[in-house]
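Trainee: So that you have it, the file is work-v6.txt, and it contains compact mmCIF, C-alpha atoms:
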```txt
# COMPACT_ATOMS: atom_id res chain seq x y z
CA MET A 120 0.00 0.00 0.00
CA SER A 121 1.36 3.43 -0.88
CA ARG A 122 2.08 6.03 1.80
CA ALA A 123 -0.74 8.23 0.56
CA ALA A 124 -3.23 5.34 0.51
CA GLU A 125 -2.25 4.23 4.01
CA ARG A 126 -2.58 7.81 5.28
CA ARG A 127 -6.05 8.15 3.74
CA LEU A 128 -7.11 4.79 5.18
CA PHE A 129 -5.92 5.83 8.64
CA GLN A 130 -7.74 9.14 8.34
CA ALA A 131 -10.93 7.29 7.36
CA VAL A 132 -10.59 4.95 10.34
CA LEU A 133 -10.10 7.95 12.64
CA CYS A 134 -13.17 9.66 11.18
CA ILE A 135 -15.20 6.63 12.21
CA ALA A 136 -13.51 6.15 15.60
CA VAL A 137 -13.90 9.82 16.58
CA LEU A 138 -17.67 9.45 16.30
CA VAL A 139 -17.66 7.49 19.58
CA PRO A 140 -16.50 10.33 21.85
CA LEU A 141 -18.39 12.94 19.83
CA ILE A 142 -21.72 11.12 20.03
CA THR A 143 -21.51 9.62 23.50
CA GLY A 144 -19.91 12.75 24.96
CA SER A 145 -22.72 14.87 23.52
CA ILE A 146 -25.40 12.52 24.83
CA GLY A 147 -23.77 12.52 28.26
CA VAL A 148 -23.63 16.32 28.38
CA LEU A 149 -27.22 16.75 27.20
CA ARG A 150 -28.92 13.88 29.03
CA GLY A 151 -26.68 13.28 32.04
CA ALA A 152 -26.24 9.95 33.78
CA GLY A 153 -29.97 9.30 33.61
CA TRP A 154 -29.73 7.82 30.12
CA LEU A 155 -27.79 4.89 31.62
CA ALA A 156 -29.83 4.42 34.79
CA GLN A 157 -33.23 2.90 35.51
CA GLU A 158 -33.80 5.04 38.59
CA PRO A 159 -33.25 8.67 39.56
CA VAL A 160 -29.57 9.63 39.59
CA PRO A 161 -28.14 11.55 42.55
CA THR A 162 -27.39 15.18 41.67
CA ASP A 163 -23.66 14.93 42.41
CA LEU A 164 -23.32 11.80 40.26
CA ASP A 165 -25.16 13.49 37.38
CA SER A 166 -22.97 16.59 37.70
CA HIS A 167 -19.78 14.52 37.67
CA PHE A 168 -21.04 12.40 34.76
CA ARG A 169 -21.82 15.50 32.68
CA TYR A 170 -18.41 16.97 33.54
CA LEU A 171 -16.62 13.80 32.37
CA SER A 172 -18.86 13.68 29.30
CA GLY A 173 -17.75 17.22 28.46
CA ILE A 174 -14.11 16.14 28.72
CA PHE A 175 -14.88 13.12 26.52
CA LEU A 176 -16.57 15.37 23.96
CA ALA A 177 -13.60 17.77 23.99
CA ALA A 178 -11.22 14.84 23.50
CA GLY A 179 -13.26 13.80 20.46
CA ILE A 180 -12.95 17.30 19.02
CA ALA A 181 -9.20 17.27 19.73
CA PHE A 182 -8.81 13.88 18.02
CA ALA A 183 -10.79 15.22 15.05
CA SER A 184 -8.39 18.16 14.82
CA CYS A 185 -5.55 15.69 14.22
CA ILE A 186 -7.14 14.09 11.15
CA PRO A 187 -6.24 16.63 8.40
CA ALA A 188 -2.48 16.55 9.11
CA ILE A 189 -2.26 13.28 11.03
CA GLU A 190 1.37 12.70 10.03
CA ARG A 191 2.37 15.94 11.81
CA LYS A 192 0.11 15.62 14.86
CA GLY A 193 2.00 12.84 16.66
CA ALA A 194 2.53 14.60 19.98
CA ARG A 195 -1.13 15.65 20.27
CA PHE A 196 -2.35 12.24 19.13
CA ARG A 197 -0.11 10.42 21.64
CA LEU A 198 -1.20 12.70 24.50
CA LEU A 199 -4.85 12.14 23.70
CA GLY A 200 -4.23 8.42 23.25
CA CYS A 201 -2.53 8.21 26.65
CA LEU A 202 -5.55 9.91 28.23
CA VAL A 203 -7.81 7.30 26.64
CA VAL A 204 -5.59 4.44 27.83
CA ALA A 205 -5.51 5.92 31.36
CA GLY A 206 -9.31 6.02 31.32
CA GLY A 207 -9.34 2.41 30.15
CA LEU A 208 -7.06 1.40 33.01
CA ALA A 209 -9.45 3.12 35.43
CA ARG A 210 -12.35 1.25 33.82
CA LEU A 211 -10.38 -2.00 34.22
CA VAL A 212 -9.96 -1.26 37.95
CA SER A 213 -13.74 -0.93 38.13
CA ALA A 214 -14.27 -4.20 36.25
CA LEU A 215 -11.92 -6.01 38.62
CA SER A 216 -13.37 -4.34 41.72
CA VAL A 217 -17.12 -4.42 41.12
CA GLY A 218 -17.59 -6.55 38.01
CA MET A 219 -17.80 -6.21 34.27
CA PRO A 220 -19.91 -3.35 32.99
CA SER A 221 -22.63 -3.55 30.35
CA THR A 222 -21.78 -4.48 26.77
CA GLY A 223 -21.33 -0.89 25.62
CA HIS A 224 -18.88 -0.12 28.41
CA ALA A 225 -17.05 -3.41 27.87
CA ALA A 226 -16.66 -2.40 24.22
CA GLY A 227 -15.25 0.90 25.48
CA LEU A 228 -12.69 -1.05 27.49
CA VAL A 229 -11.61 -2.90 24.34
CA MET A 230 -11.35 0.38 22.47
CA GLU A 231 -9.38 2.05 25.25
CA LEU A 232 -6.89 -0.72 25.99
CA GLY A 233 -6.78 -2.49 22.63
CA VAL A 234 -7.72 -0.30 19.69
CA MET A 235 -6.25 2.98 20.96
CA PRO A 236 -2.71 1.62 21.45
CA LEU A 237 -2.89 0.11 17.95
CA LEU A 238 -4.02 3.45 16.52
CA MET A 239 -1.12 5.15 18.29
CA LEU A 240 1.33 2.70 16.72
CA TRP A 241 -0.28 3.18 13.31
CA GLN A 242 -0.06 6.95 13.58
CA ALA A 243 3.65 6.64 14.47
CA ARG A 244 4.20 4.47 11.38
CA ILE A 245 2.47 7.05 9.16
CA ALA A 246 4.56 9.84 10.68
CA ARG A 247 7.78 7.88 10.06
CA ARG A 248 6.83 7.13 6.46
CA SER A 249 5.96 10.72 5.55
```
In structure tokens, what does this structure look like?

Mentor:
Amino acid sequence: MSRAAERRLFQAVLCIAVLVPLITGSIGVLRGAGWLAQEPVPTDLDSHFRYLSGIFLAAGIAFASCIPAIERKGARFRLLGCLVVAGGLARLVSALSVGMPSTGHAAGLVMELGVMPLLMLWQARIARRS
């Protein structure tokens, strides 16, 4: 695969992947923790959930800002990727402490600790090749 084709493929994959924090972050900000709960959510928990959703949304925007010049955005991409992996490690602590979360959150764990490190390696390869 040519450098240009690999770069375009990576950019397309990122366009799809960035939808996760953009969509779920937006839902979390707008609807709060209630969209995940069957019962009323305590005010402090909802506030904290919306705060973290705002950070997640901002991270999605920051990832999206890397797409046009992905080969030159290595430092930003790695920083954002490390934040995602750190969040995944925190989610893993929860899974080990209180049990596995629902399917959507388990998929998040796979994304955070599996897919994100692979994307970081792929971005580094693209940067080296350009």

Trainee: Using 12 Å as the limit and counting all atoms listed in the file, can you tabulate each residue of segment 152-184 of chain A that touches segment 218-240 of chain A, with its shortest atom-to-atom distance in Å and the two atoms involved, as JSON lines?

Mentor:
```
{"residue": "A:Leu155", "atom": "CA", "partner": "A:Ser221", "partner_atom": "CA", "distance": 10.0}
{"residue": "A:Ala156", "atom": "CA", "partner": "A:Ser221", "partner_atom": "CA", "distance": 11.6}
{"residue": "A:Phe182", "atom": "CA", "partner": "A:Leu238", "partner_atom": "CA", "distance": 11.6}
```

Trainee: From the set A:Leu211, A:Ala194, A:Val148, A:Ala181, which residue has the shortest atom-to-atom contact distance to Arg169 of chain A, counting all atoms listed in the file?

Mentor: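 Result for the nearest residue to Arg169 of chain A: A:Val148.
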
Trainee: How far is it from atom CA of Leu133 of chain A to atom CA of Cys185 of chain A, in Å with one decimal?

Mentor: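 Result for atom CA of Leu133 of chain A versus atom CA of Cys185 of chain A: 9.1 Å, one decimal.
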
Trainee: Show me the residues around (-20.5, 11.2, 27.6) - criterion: an atom at most 12 Å away, all atoms listed in the file counted - as a PyMOL selection string.

Mentor: chain A and resi 138-155+165-179+224+227

Trainee: Please determine, counting all atoms listed in the file, which residue among A:Gly200, A:Arg191, A:Leu208, A:Ser213 has the shortest atom-to-atom distance to Ala246 of chain A.

Mentor: A:Arg191

Trainee: Quick check, in Å to one decimal: how far apart do atom CA of Gln157 of chain A and atom CA of Val203 of chain A lie?

Mentor: 27.3 Å

Trainee: Under the rule that only C-alpha atoms are counted, which of A:Val204, A:Gly193, A:Ala183, A:Glu158 is the nearest residue to Val132 of chain A?

Mentor: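 For Val132 of chain A, the nearest of the candidates is A:Ala183.
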
Trainee: From the list A:Thr162, A:Ser216, A:Ser249, A:Gln130, which residue is nearest Ser184 of chain A when using only C-alpha atoms?

Mentor: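 Closest to Ser184 of chain A, using only C-alpha atoms: A:Gln130.
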
Trainee: Which residue gives the smallest distance to Val137 of chain A among A:Arg122, A:Pro159, A:Val217, A:Ile186, with all atoms listed in the file counted?

Mentor: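 Of A:Arg122, A:Pro159, A:Val217, A:Ile186, the one nearest Val137 of chain A, counting all atoms listed in the file, is A:Ile186.
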